[in-house]
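As provided, protein31.txt (compact mmCIF, C-alpha atoms (C1' of nucleotides)) reads as follows.
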```txt
# COMPACT_ATOMS: atom_id res chain seq x y z
CA MET A 1 0.00 0.00 0.00
CA TYR A 2 1.30 3.45 -0.95
CA LYS A 3 0.69 6.49 1.24
CA LEU A 4 1.32 9.84 -0.38
CA ILE A 5 2.76 12.21 2.22
CA SER A 6 3.26 15.24 0.01
CA ASP A 7 3.12 16.17 -3.66
CA LYS A 8 4.88 19.41 -4.53
CA ASN A 9 4.84 20.48 -8.18
CA GLY A 10 4.97 16.85 -9.22
CA ALA A 11 7.70 15.52 -6.90
CA ARG A 12 6.24 13.07 -4.38
CA ARG A 13 7.23 12.08 -0.87
CA GLY A 14 5.58 8.88 0.34
CA GLU A 15 5.64 5.58 2.17
CA PHE A 16 5.22 2.19 0.65
CA VAL A 17 3.94 -0.36 3.15
CA THR A 18 4.80 -4.03 2.61
CA ASN A 19 4.59 -7.12 4.79
CA ARG A 20 8.38 -6.84 5.11
CA GLY A 21 8.41 -3.26 6.35
CA THR A 22 7.72 0.26 5.16
CA VAL A 23 9.80 1.85 2.42
CA GLN A 24 10.36 5.59 2.55
CA THR A 25 10.06 7.01 -0.95
CA PRO A 26 11.60 8.21 -3.18
CA ALA A 27 13.84 5.15 -2.80
CA PHE A 28 16.60 3.37 -4.66
CA MET A 29 16.63 -0.44 -4.77
CA ASN A 30 19.98 -2.21 -4.57
CA VAL A 31 20.47 -4.73 -7.35
CA ALA A 32 21.27 -8.31 -6.34
CA THR A 33 20.47 -10.12 -9.59
CA ALA A 34 21.37 -13.63 -8.47
CA GLY A 35 20.50 -13.05 -4.83
CA ALA A 36 23.72 -11.24 -4.01
CA ILE A 37 25.14 -7.80 -4.66
CA LYS A 38 28.10 -8.35 -6.98
CA GLY A 39 31.28 -7.43 -5.18
CA ALA A 40 30.99 -9.51 -2.01
CA VAL A 41 28.43 -7.29 -0.29
CA SER A 42 26.29 -9.24 2.17
CA ALA A 43 22.76 -8.78 3.53
CA GLU A 44 24.22 -7.33 6.76
CA ASP A 45 26.29 -4.91 4.68
CA LEU A 46 23.14 -3.84 2.84
CA LYS A 47 21.54 -2.90 6.11
CA GLU A 48 24.61 -0.94 7.12
CA ILE A 49 24.68 1.07 3.88
CA GLY A 50 21.04 2.10 4.14
CA CYS A 51 19.44 -0.22 1.61
CA GLN A 52 15.63 -0.36 1.89
CA VAL A 53 14.74 -2.80 -0.88
CA MET A 54 16.78 -5.53 -2.53
CA LEU A 55 16.12 -6.42 -6.16
CA SER A 56 16.66 -9.88 -7.62
CA ASN A 57 16.01 -11.46 -10.98
CA THR A 58 13.51 -14.15 -11.93
CA TYR A 59 15.31 -15.37 -15.03
CA HIS A 60 18.70 -15.69 -13.37
CA LEU A 61 17.42 -17.40 -10.23
CA HIS A 62 15.26 -19.73 -12.32
CA ILE A 63 18.35 -20.88 -14.21
CA ARG A 64 20.55 -21.05 -11.14
CA PRO A 65 19.98 -22.39 -8.51
CA GLY A 66 16.38 -22.95 -9.73
CA ASP A 67 13.28 -21.35 -8.21
CA GLU A 68 12.16 -24.70 -6.78
CA VAL A 69 15.45 -24.95 -4.90
CA VAL A 70 14.84 -21.48 -3.44
CA ARG A 71 11.23 -22.40 -2.59
CA ASP A 72 12.25 -25.64 -0.87
CA CYS A 73 14.95 -23.74 1.04
CA GLY A 74 12.26 -21.47 2.46
CA GLY A 75 12.14 -18.63 -0.08
CA LEU A 76 14.48 -15.83 -1.06
CA HIS A 77 14.36 -14.05 2.32
CA LYS A 78 15.45 -17.08 4.25
CA PHE A 79 17.87 -18.12 1.51
CA THR A 80 19.69 -14.76 1.35
CA THR A 81 19.01 -13.75 4.98
CA TRP A 82 17.81 -10.32 3.76
CA GLU A 83 14.73 -9.56 5.84
CA GLY A 84 13.52 -6.38 4.16
CA PRO A 85 11.39 -6.11 1.03
CA ILE A 86 12.58 -7.90 -2.10
CA LEU A 87 11.41 -7.01 -5.58
CA THR A 88 11.94 -9.59 -8.28
CA ASP A 89 12.25 -8.48 -11.86
CA SER A 90 10.20 -10.73 -14.12
CA GLY A 91 12.70 -11.77 -16.76
CA GLY A 92 11.14 -9.33 -19.20
CA PHE A 93 14.35 -7.36 -19.47
CA GLN A 94 16.19 -10.52 -20.47
CA VAL A 95 13.85 -10.74 -23.48
CA PHE A 96 15.61 -7.58 -24.53
CA SER A 97 19.16 -8.05 -23.23
CA LEU A 98 19.49 -11.66 -24.40
CA ALA A 99 17.87 -10.79 -27.73
CA ALA A 100 20.10 -13.09 -29.76
CA LEU A 101 18.95 -16.10 -27.77
CA ARG A 102 15.16 -15.64 -27.75
CA HIS A 103 11.96 -16.13 -29.74
CA ILE A 104 8.80 -14.17 -28.81
CA GLN A 105 5.28 -15.52 -29.38
CA GLU A 106 1.84 -14.74 -27.98
CA GLU A 107 2.18 -17.45 -25.35
CA GLY A 108 5.55 -16.22 -24.11
CA VAL A 109 9.24 -16.31 -24.92
CA THR A 110 11.59 -19.18 -25.64
CA PHE A 111 15.10 -18.49 -24.37
CA HIS A 112 18.28 -20.40 -24.58
CA SER A 113 19.96 -20.48 -21.18
CA HIS A 114 23.18 -18.47 -21.21
CA VAL A 115 24.63 -21.05 -18.82
CA ASP A 116 24.15 -24.34 -20.67
CA GLY A 117 22.19 -23.46 -23.82
CA LYS A 118 19.12 -25.38 -22.60
CA LYS A 119 15.80 -24.26 -24.09
CA ILE A 120 13.60 -22.46 -21.55
CA PHE A 121 10.04 -21.27 -22.07
CA MET A 122 8.79 -18.32 -20.04
CA GLY A 123 5.41 -16.66 -20.33
CA PRO A 124 3.34 -14.66 -17.84
CA GLU A 125 2.20 -17.76 -15.93
CA GLU A 126 5.71 -19.20 -15.73
CA SER A 127 7.16 -15.90 -14.54
CA MET A 128 4.48 -15.58 -11.83
CA GLN A 129 5.00 -19.18 -10.75
CA ILE A 130 8.75 -18.66 -10.48
CA GLN A 131 8.38 -15.38 -8.56
CA SER A 132 5.86 -17.04 -6.27
CA ASN A 133 8.34 -19.84 -5.63
CA LEU A 134 11.01 -17.26 -4.87
CA GLY A 135 8.60 -15.70 -2.40
CA SER A 136 9.57 -12.11 -3.15
CA THR A 137 7.64 -9.22 -1.65
CA ILE A 138 6.92 -7.66 -5.02
CA ALA A 139 6.67 -9.47 -8.34
CA MET A 140 7.04 -7.62 -11.61
CA ALA A 141 4.75 -8.36 -14.54
CA PHE A 142 6.24 -10.27 -17.43
CA ASP A 143 6.64 -7.70 -20.20
CA GLU A 144 8.54 -7.10 -23.38
CA CYS A 145 11.14 -4.35 -23.12
CA VAL A 146 11.18 -3.09 -26.69
CA GLU A 147 14.54 -2.01 -28.03
CA ASN A 148 15.24 1.55 -29.05
CA PRO A 149 14.75 2.65 -31.72
CA ALA A 150 11.72 0.52 -32.66
CA GLU A 151 9.08 0.93 -35.35
CA TYR A 152 5.80 2.47 -34.26
CA SER A 153 3.79 -0.50 -35.50
CA TYR A 154 5.99 -3.00 -33.68
CA SER A 155 5.92 -0.94 -30.47
CA LYS A 156 2.12 -0.75 -30.63
CA ALA A 157 1.69 -4.48 -31.18
CA SER A 158 4.20 -5.21 -28.43
CA CYS A 159 2.37 -2.90 -25.99
CA GLU A 160 -0.91 -4.63 -26.69
CA ARG A 161 0.69 -8.01 -26.08
CA THR A 162 2.28 -6.72 -22.85
CA THR A 163 -1.22 -5.70 -21.68
CA ARG A 164 -2.60 -9.17 -22.46
CA TRP A 165 0.38 -10.68 -20.64
CA LEU A 166 -0.31 -8.40 -17.67
CA GLU A 167 -3.91 -9.63 -17.40
CA ARG A 168 -2.61 -13.20 -17.43
CA CYS A 169 -0.03 -12.27 -14.74
CA LYS A 170 -2.76 -10.87 -12.52
CA THR A 171 -4.98 -13.92 -12.90
CA LYS A 172 -2.10 -16.30 -12.21
CA MET A 173 -0.84 -14.34 -9.20
CA HIS A 174 -4.33 -14.21 -7.70
CA GLN A 175 -4.52 -17.98 -8.05
CA LEU A 176 -1.05 -18.55 -6.56
CA ASN A 177 -1.68 -16.24 -3.60
CA SER A 178 -4.82 -18.24 -2.76
CA LEU A 179 -2.81 -21.47 -2.35
CA GLU A 180 -1.90 -22.48 1.18
CA SER A 181 1.52 -23.76 0.06
CA THR A 182 2.56 -20.34 -1.31
CA ILE A 183 5.47 -18.78 0.63
CA ASN A 184 4.26 -15.18 0.43
CA ARG A 185 0.51 -15.17 0.00
CA GLU A 186 0.54 -11.35 0.07
CA GLN A 187 2.90 -11.08 -2.90
CA MET A 188 2.30 -7.80 -4.72
CA LEU A 189 2.23 -7.28 -8.47
CA PHE A 190 3.48 -4.23 -10.38
CA GLY A 191 2.45 -3.60 -13.99
CA ILE A 192 4.91 -2.17 -16.50
CA ASN A 193 4.28 0.62 -18.98
CA GLN A 194 5.84 0.31 -22.44
CA GLY A 195 5.53 2.14 -25.75
CA CYS A 196 9.09 2.96 -26.74
CA THR A 197 9.47 6.73 -27.20
CA TYR A 198 5.98 7.23 -28.66
CA ASN A 199 4.08 9.35 -26.15
CA ASP A 200 0.63 8.41 -27.48
CA LEU A 201 1.41 4.71 -27.12
CA ARG A 202 2.86 5.31 -23.65
CA ILE A 203 -0.22 7.23 -22.50
CA ASN A 204 -2.74 4.76 -23.94
CA HIS A 205 -0.88 1.84 -22.46
CA MET A 206 -0.64 3.52 -19.07
CA LYS A 207 -4.40 4.22 -19.04
CA GLU A 208 -5.11 0.58 -19.93
CA ILE A 209 -2.99 -0.93 -17.19
CA ALA A 210 -4.08 1.63 -14.58
CA ASP A 211 -7.56 0.12 -14.86
CA LEU A 212 -6.23 -3.24 -13.63
CA ASP A 213 -5.80 -1.87 -10.09
CA LEU A 214 -2.36 -3.31 -9.34
CA ASP A 215 -0.12 -2.73 -6.30
CA GLY A 216 2.23 -0.45 -8.19
CA TYR A 217 3.15 0.78 -11.64
CA ALA A 218 6.47 0.83 -13.41
CA ILE A 219 7.78 2.67 -16.44
CA GLY A 220 9.96 0.26 -18.39
CA GLY A 221 11.88 0.37 -21.62
CA LEU A 222 13.72 3.62 -20.91
CA ALA A 223 17.42 4.40 -20.61
CA VAL A 224 18.11 1.99 -23.44
CA GLY A 225 20.07 4.37 -25.62
CA GLU A 226 17.70 7.32 -26.11
CA PRO A 227 18.89 10.82 -25.07
CA ALA A 228 18.07 11.82 -21.48
CA GLU A 229 15.74 14.61 -22.71
CA VAL A 230 13.65 12.05 -24.58
CA MET A 231 13.42 9.91 -21.45
CA TYR A 232 12.33 12.91 -19.34
CA ASP A 233 9.75 13.81 -21.95
CA VAL A 234 8.26 10.29 -21.86
CA ILE A 235 8.15 10.34 -18.04
CA GLU A 236 6.50 13.76 -18.07
CA HIS A 237 3.79 12.47 -20.40
CA VAL A 238 3.20 9.20 -18.54
CA THR A 239 3.18 10.16 -14.83
CA PRO A 240 0.01 12.30 -15.04
CA HIS A 241 -1.83 9.12 -16.09
CA MET A 242 -0.43 6.97 -13.28
CA PRO A 243 -2.69 6.43 -10.27
CA GLN A 244 -1.92 8.97 -7.52
CA ASN A 245 -2.34 6.41 -4.76
CA LYS A 246 0.04 3.82 -6.19
CA ILE A 247 3.82 3.68 -6.10
CA ARG A 248 5.64 4.59 -9.34
CA TYR A 249 8.79 2.80 -10.33
CA LEU A 250 11.17 3.84 -13.12
CA MET A 251 12.98 0.66 -14.09
CA GLY A 252 16.72 0.53 -14.56
CA VAL A 253 17.39 4.25 -14.01
CA GLY A 254 19.88 5.66 -13.64
CA THR A 255 22.50 8.31 -13.04
CA PRO A 256 22.03 10.59 -10.01
CA LEU A 257 20.92 13.31 -12.42
CA ASN A 258 18.38 10.99 -14.06
CA ILE A 259 16.96 10.20 -10.63
CA LEU A 260 16.62 13.87 -9.63
CA ASN A 261 14.85 14.63 -12.88
CA ALA A 262 12.53 11.64 -12.54
CA VAL A 263 11.66 12.49 -8.92
CA GLU A 264 10.82 15.99 -10.10
CA ARG A 265 8.37 14.42 -12.55
CA GLY A 266 6.67 12.25 -9.93
CA VAL A 267 8.61 8.96 -9.77
CA ASP A 268 9.02 7.16 -6.39
CA LEU A 269 11.21 4.14 -6.95
CA PHE A 270 14.38 3.32 -8.86
CA ASP A 271 16.91 0.62 -9.47
CA CYS A 272 20.08 0.58 -11.49
CA VAL A 273 23.23 -1.48 -11.84
CA MET A 274 25.23 1.67 -12.39
CA PRO A 275 26.47 2.27 -8.81
CA SER A 276 27.56 -1.34 -8.36
CA ARG A 277 28.92 -2.01 -11.84
CA ASN A 278 30.74 1.30 -12.08
CA ALA A 279 32.16 0.80 -8.60
CA ARG A 280 33.68 -2.52 -9.62
CA HIS A 281 35.53 -0.65 -12.36
CA GLY A 282 36.73 2.11 -10.05
CA HIS A 283 34.19 4.73 -11.14
CA LEU A 284 32.92 6.39 -7.97
CA PHE A 285 30.24 8.90 -7.08
CA THR A 286 31.15 11.61 -4.58
CA SER A 287 29.61 14.80 -3.21
CA LYS A 288 31.97 16.74 -5.47
CA GLY A 289 31.52 14.77 -8.67
CA ILE A 290 32.64 11.55 -10.30
CA ILE A 291 36.12 10.15 -9.79
CA ASN A 292 38.02 7.25 -11.35
CA ILE A 293 40.09 5.79 -8.56
CA ASN A 294 42.34 4.05 -11.10
CA ASN A 295 43.84 7.43 -11.93
CA LYS A 296 47.49 7.87 -11.08
CA LYS A 297 46.83 11.09 -9.20
CA TYR A 298 45.43 9.01 -6.31
CA GLU A 299 48.56 6.86 -5.91
CA TYR A 300 49.64 8.67 -2.73
CA ASP A 301 46.22 10.05 -1.74
CA MET A 302 45.55 9.10 1.87
CA THR A 303 42.19 10.92 2.04
CA PRO A 304 38.89 9.01 1.85
CA ILE A 305 36.97 8.60 -1.43
CA ASP A 306 34.68 11.41 -0.27
CA GLU A 307 35.46 13.55 2.77
CA ASN A 308 31.78 14.42 3.19
CA CYS A 309 30.65 10.78 3.00
CA GLY A 310 29.27 8.94 6.00
CA CYS A 311 29.72 5.43 4.58
CA PRO A 312 31.67 2.80 6.52
CA VAL A 313 34.36 2.71 3.83
CA CYS A 314 35.07 6.46 3.96
CA GLN A 315 35.36 6.29 7.75
CA ARG A 316 38.42 4.04 7.51
CA TYR A 317 40.01 3.63 4.11
CA SER A 318 42.09 5.88 1.85
CA LYS A 319 41.99 6.30 -1.91
CA ALA A 320 45.65 5.21 -2.13
CA TYR A 321 44.92 1.89 -0.41
CA ILE A 322 41.70 1.17 -2.31
CA ARG A 323 43.44 2.05 -5.60
CA HIS A 324 46.19 -0.40 -4.74
CA LEU A 325 43.62 -3.12 -3.94
CA LEU A 326 41.82 -2.53 -7.24
CA LYS A 327 45.04 -2.53 -9.27
CA SER A 328 46.10 -5.75 -7.55
CA THR A 329 42.66 -7.30 -8.23
CA GLU A 330 42.19 -7.97 -4.54
CA MET A 331 38.57 -8.97 -3.83
CA LEU A 332 38.41 -6.49 -0.97
CA SER A 333 38.56 -3.62 -3.48
CA GLN A 334 35.25 -4.70 -5.03
CA ARG A 335 33.53 -4.83 -1.70
CA LEU A 336 34.77 -1.43 -0.53
CA LEU A 337 34.04 0.26 -3.87
CA VAL A 338 30.53 -1.17 -4.21
CA MET A 339 29.63 -0.37 -0.61
CA HIS A 340 30.67 3.23 -1.11
CA ASN A 341 28.68 3.73 -4.32
CA LEU A 342 25.54 2.05 -2.97
CA TRP A 343 25.78 4.11 0.19
CA PHE A 344 26.09 7.21 -2.01
CA TYR A 345 22.91 6.32 -3.92
CA ASN A 346 20.96 5.37 -0.79
CA ASN A 347 22.11 8.58 0.87
CA LEU A 348 21.20 10.62 -2.20
CA MET A 349 17.64 9.31 -1.78
CA THR A 350 17.70 10.22 1.93
CA ASP A 351 18.78 13.75 0.99
CA ILE A 352 16.05 13.95 -1.66
CA ARG A 353 13.40 12.89 0.89
CA LYS A 354 14.71 15.40 3.38
CA ALA A 355 14.63 18.16 0.80
CA LEU A 356 11.05 17.19 -0.08
CA ASP A 357 10.05 17.15 3.60
CA GLU A 358 11.57 20.58 4.07
CA GLY A 359 9.99 21.95 0.92
CA ARG A 360 13.28 22.79 -0.83
CA PHE A 361 13.51 20.08 -3.47
CA ALA A 362 13.86 22.55 -6.36
CA GLU A 363 16.84 24.25 -4.68
CA PHE A 364 18.38 20.90 -3.78
CA LYS A 365 18.05 19.68 -7.35
CA ALA A 366 19.53 22.88 -8.80
CA GLU A 367 22.45 22.67 -6.39
CA GLN A 368 23.12 18.98 -7.05
CA GLU A 369 22.80 19.38 -10.82
CA GLU A 370 25.87 21.62 -10.71
CA ILE A 371 27.88 18.91 -9.01
CA LEU A 372 26.72 15.38 -9.74
CA GLY A 373 27.43 15.13 -13.44
CA ARG A 374 30.93 16.54 -13.37
CA ARG A 375 34.17 14.60 -13.40
CA ILE A 376 36.91 15.57 -11.01
C1' G B 1 89.41 -22.52 -22.11
C1' U B 2 86.43 -25.17 -26.23
C1' G B 3 81.64 -26.10 -28.53
C1' G B 4 76.46 -24.84 -28.61
C1' U B 5 71.97 -22.02 -27.49
C1' U B 6 70.07 -17.10 -26.46
C1' G B 7 69.40 -11.60 -26.66
C1' U B 8 63.01 -7.72 -30.20
C1' A B 9 58.23 -2.46 -25.59
C1' G B 10 58.57 -2.52 -18.23
C1' C B 11 57.61 -8.34 -18.54
C1' U B 12 56.64 -12.87 -21.76
C1' U B 13 57.02 -13.70 -26.66
C1' A B 14 55.67 -13.49 -32.69
C1' G B 15 58.27 -11.92 -36.75
C1' U B 16 57.43 -16.69 -42.96
C1' U B 17 63.27 -18.01 -48.05
C1' G B 18 66.13 -9.88 -46.47
C1' G B 19 61.19 -5.80 -48.92
C1' U B 20 56.82 -0.01 -46.78
C1' U B 21 55.40 3.58 -40.60
C1' A B 22 58.54 -4.08 -36.26
C1' A B 23 53.18 -7.45 -34.06
C1' A B 24 50.60 -9.59 -29.72
C1' G B 25 49.36 -10.72 -24.54
C1' C B 26 50.20 -8.88 -19.72
C1' G B 27 51.55 -4.34 -17.23
C1' C B 28 51.17 1.12 -17.55
C1' C B 29 48.06 5.70 -18.86
C1' A B 30 43.08 7.34 -19.89
C1' G B 31 37.92 6.63 -21.17
C1' U B 32 33.04 3.81 -21.34
C1' U B 33 29.30 1.38 -18.33
C1' U B 34 21.33 2.88 -16.97
C1' G B 35 14.94 -3.52 -14.97
C1' U B 36 23.86 -6.95 -14.47
C1' G B 37 25.32 -13.05 -19.77
C1' G B 38 30.60 -7.68 -17.41
C1' C B 39 37.62 -8.61 -12.30
C1' A B 40 34.14 -6.46 -19.00
C1' C B 41 34.76 -3.21 -23.14
C1' U B 42 37.23 1.00 -26.04
C1' G B 43 41.38 3.93 -26.94
C1' G B 44 46.53 5.67 -25.99
C1' A B 45 51.70 5.93 -24.71
C1' G B 46 55.80 2.78 -24.95
C1' A B 47 61.20 -0.61 -29.06
C1' C B 48 67.34 3.53 -32.26
C1' C B 49 65.23 -5.26 -32.66
C1' G B 50 72.31 -6.52 -26.88
C1' U B 51 76.65 -3.47 -28.87
C1' G B 52 80.18 -2.22 -32.96
C1' G B 53 81.42 -3.11 -37.87
C1' G B 54 80.34 -5.36 -42.80
C1' U B 55 77.43 -7.37 -47.32
C1' U B 56 73.09 -5.24 -50.03
C1' C B 57 69.14 -0.59 -53.66
C1' G B 58 67.19 -2.41 -48.85
C1' A B 59 69.02 -5.99 -42.57
C1' A B 60 65.31 -7.72 -36.51
C1' U B 61 66.45 -11.37 -40.52
C1' C B 62 72.91 -12.80 -43.89
C1' C B 63 78.53 -12.35 -42.38
C1' C B 64 82.50 -10.87 -38.65
C1' A B 65 83.81 -9.14 -33.88
C1' U B 66 82.38 -8.18 -29.00
C1' C B 67 79.32 -8.31 -24.57
C1' U B 68 75.27 -10.89 -21.67
C1' A B 69 72.65 -15.24 -19.89
C1' C B 70 72.20 -20.39 -19.92
C1' C B 71 73.82 -25.55 -21.33
C1' A B 72 77.49 -29.28 -22.44
C1' C B 73 82.55 -30.80 -22.53
C1' C B 74 87.79 -30.32 -21.00
```

Please go through the file and, once you have read it, give me the structure as structure tokens.
Amino acid sequence: MYKLISDKNGARRGEFVTNRGTVQTPAFMNVATAGAIKGAVSAEDLKEIGCQVMLSNTYHLHIRPGDEVVRDCGGLHKFTTWEGPILTDSGGFQVFSLAALRHIQEEGVTFHSHVDGKKIFMGPEESMQIQSNLGSTIAMAFDECVENPAEYSYSKASCERTTRWLERCKTKMHQLNSLESTINREQMLFGINQGCTYNDLRINHMKEIADLDLDGYAIGGLAVGEPAEVMYDVIEHVTPHMPQNKIRYLMGVGTPLNILNAVERGVDLFDCVMPSRNARHGHLFTSKGIININNKKYEYDMTPIDENCGCPVCQRYSKAYIRHLLKSTEMLSQRLLVMHNLWFYNNLMTDIRKALDEGRFAEFKAEQEEILGRRI
RNA sequence: GUGGUUGUAGCUUAGUUGGUUAAAGCGCCAGUUUGUGGCACUGGAGACCGUGGGUUCGAAUCCCAUCUACCACC
């Protein structure tokens, strides 16, 4: 259940209540595709760095270790030991990212496993069954994330199919939640808006799925190569047609700047691999801009990654040491780098909420825009 | 001491019977990364080819000397 606390010129401050705790929004979800944050970051670490929601992936967990394994081991919460809310992505994105290995039909999609090449069929019912077995707090609808650019006619047909798939997801989830053997019988379902960069398709699709009265609504298929202005324009056109009393999730986005701009346009929830992936390659977010800790200028630098940062890494470790660990491919580097970047993102969301609470979001955004995109 | 093998980028090596600006991996320097098939990807700098002579229109490549390292024998 979503409670809107305030709505100032579009930007929303709210609370999202789940049976695993309440999420303060706007919020950023930390991506743990296979049930773990890449870079040796544990569930305890996640708590320490201010993570509210963990995100895992249906497709990847279905392939390995298998959703039935997770179910028989007590569900994803017990399996990973993460006690807070977990959102599972449906596998829809893999339709797009594993494009070379898939075949889409009305019933669903046939994939070839990237692990052993085995043929796997996934449709709305299969995705719901898997997510139910995983026992996540929130299940995402099985959609098609259309590539960009895409033809208008293809995007339209794909949208219509995604709507039909969504109806099937809802029916299947309702059925699964009524079973006594289901791990989380209060599993929530979010629908996903598509329509490529065609605003009329986006708006029509949003109106259609809003009628289905789901637990939340996502905007998918963005940040796949289109310019940021185009993405903002789509968001601006779609959010007015999203239910006010439901949480709004922009999938896979993005940079700190993207997030500020999306919050301004009424988005509540985000996820992105950027902080973790970039961290593993030494690309770090700081209160003064972006740094690449591989750079030689940090060889002797005994100051923390960010002097204004409250993360556990910046309390103890220096750039010189972390740079050395990264250059030496020590595993510890990955852990320290990822923890810093995730803390930065989680803290950015805390600052955004605070600014919203204090009625100075516009000033905060203007001030951060100056800083966050620049490289130092 | 005698015979043999070896010497090409910071490191490990490729360089066809002599033929344009000597190639690669690693390392180094820098960049990219948006619902994670990523310790990945892209680019850049870096070599008077052990040294000195010689043959040739032309030598990393052939010849001589010398130095270095290793091996075998006395």

Go through B:C28, B:C73, B:C63, B:C39 one by one, measure the shortest atom-to-atom distance of each to chain A using all atoms listed in the file, and give the residue with the smallest value. B:C39

What is the distance, in Å and to one decimal place, between atom CA of Asn199 of chain A and atom CA of Gln244 of chain A? 19.6 Å

With the cut-off set at 7 Å and counting only C-alpha atoms (C1' of nucleotides), tabulate each residue of chain A with an atom at most that distance from an atom of chain B, showing the nearest atom pair and its distance in Å to one decimal, ordered by chain and increasing number, as a tab-separated table.
```
residue	atom	partner	partner_atom	distance
A:Thr33	CA	B:U36	C1'	6.7
A:Asp89	CA	B:G35	C1'	6.4
A:Phe93	CA	B:G35	C1'	5.9
A:His114	CA	B:G37	C1'	6.0
A:Ala223	CA	B:U34	C1'	5.6
A:Met251	CA	B:G35	C1'	4.7
A:Gly252	CA	B:G35	C1'	4.4
A:Val253	CA	B:U34	C1'	5.1
A:Gly254	CA	B:U34	C1'	4.6
A:Thr255	CA	B:U34	C1'	6.8
A:Cys272	CA	B:U34	C1'	6.1
A:Val273	CA	B:U36	C1'	6.1
A:Met274	CA	B:U34	C1'	6.1
A:Asn278	CA	B:U33	C1'	6.4
A:Thr329	CA	B:C39	C1'	6.6
```

Which one is closest to Ala355 of chain A: A:Thr239, A:Gln368, A:Thr22, A:Asn245? Count only C-alpha atoms. A:Gln368

Would you mind telling me which residue in A:Lys3, A:Thr81, A:Ala228, A:Met206 lies nearest to Pro240 of chain A when using only C-alpha atoms? A:Met206

Determine, counting only C-alpha atoms (C1' of nucleotides), which protein, DNA and RNA residues have an atom within 8 Å of an atom of Lys8 of chain A; residues of the same chain fewer than 3 positions away are not included. Present the result as a PDB file with C-alpha atoms, in the coordinates of the input.
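As a result, selection_13.pdb now contains:
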```pdb
ATOM      1  CA  ALA A  11       7.700  15.520  -6.900  1.00  0.00           C
ATOM      2  CA  ARG A  12       6.240  13.070  -4.380  1.00  0.00           C
ATOM      3  CA  LEU A 356      11.050  17.190  -0.080  1.00  0.00           C
ATOM      4  CA  GLY A 359       9.990  21.950   0.920  1.00  0.00           C
TER       5      GLY A 359
END
```

If you measure from atom CA of Tyr59 of chain A to atom CA of Met242 of chain A, what distance in Å do you get, rounded to one decimal?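 About the pair atom CA of Tyr59 of chain A and atom CA of Met242 of chain A: they are 27.4 Å apart.
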
Find the spatial neighbours of segment 176-180 of chain A, counting only C-alpha atoms (C1' of nucleotides), within a cut-off of 9 Å - ignore same-chain residues fewer than 4 positions away - and output them as an MDAnalysis selection string. chainID A and resid 128:129 132 171:172 184:187

For the residues in the current selection, export C-alpha atoms as a PDB file, keeping the file's coordinate frame.
```pdb
ATOM      1  CA  MET A 128       4.480 -15.580 -11.830  1.00  0.00           C
ATOM      2  CA  GLN A 129       5.000 -19.180 -10.750  1.00  0.00           C
ATOM      3  CA  SER A 132       5.860 -17.040  -6.270  1.00  0.00           C
ATOM      4  CA  THR A 171      -4.980 -13.920 -12.900  1.00  0.00           C
ATOM      5  CA  LYS A 172      -2.100 -16.300 -12.210  1.00  0.00           C
ATOM      6  CA  ASN A 184       4.260 -15.180   0.430  1.00  0.00           C
ATOM      7  CA  ARG A 185       0.510 -15.170   0.000  1.00  0.00           C
ATOM      8  CA  GLU A 186       0.540 -11.350   0.070  1.00  0.00           C
ATOM      9  CA  GLN A 187       2.900 -11.080  -2.900  1.00  0.00           C
TER      10      GLN A 187
END
```

Using only C-alpha atoms, which of the listed residues (A:Leu98, A:Ile37, A:Val267, A:Leu4) sits closest to Arg335 of chain A?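 Distance minimum relative to Arg335 of chain A lands on A:Ile37.
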
List the spatial neighbours of Leu257 of chain A as a ChimeraX atom specification - criterion: any atom at most 7 Å away, only C-alpha atoms (C1' of nucleotides), same-chain residues fewer than 3 positions off excluded. /A:260-261,369,372-373

Test item: residues at most 10 Å from Ser42 of chain A, all atoms listed in the file, excluding those fewer than 5 positions along its chain, as a ChimeraX atom specification: /A:32,35-37,47-48,80-82,335,339

If we count only C-alpha atoms (C1' of nucleotides) and set the cut-off at 9 Å, which residues sit around segment 57-60 of chain B, ignoring sequence neighbours fewer than 4 positions away in its own chain? Please answer as a list in words.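 After dropping sequence-adjacent residues, the list is U8, G15, G18, G19, A22 and C49 of chain B.
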
Residue list as a PyMOL selection string for point (68.0, -21.8, -29.9), cut-off 12 Å, only C-alpha atoms (C1' of nucleotides): chain B and resi 4-7+70-71

Counting all atoms listed in the file, the option among B:A72, B:A47, B:C62, B:C26 closest to U13 of chain B: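 Among the listed residues, B:C26 lies closest to U13 of chain B.
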
Separation of atom CA of Ser97 of chain A from atom CA of Ser155 of chain A, in Å and rounded to one decimal: 16.7 Å
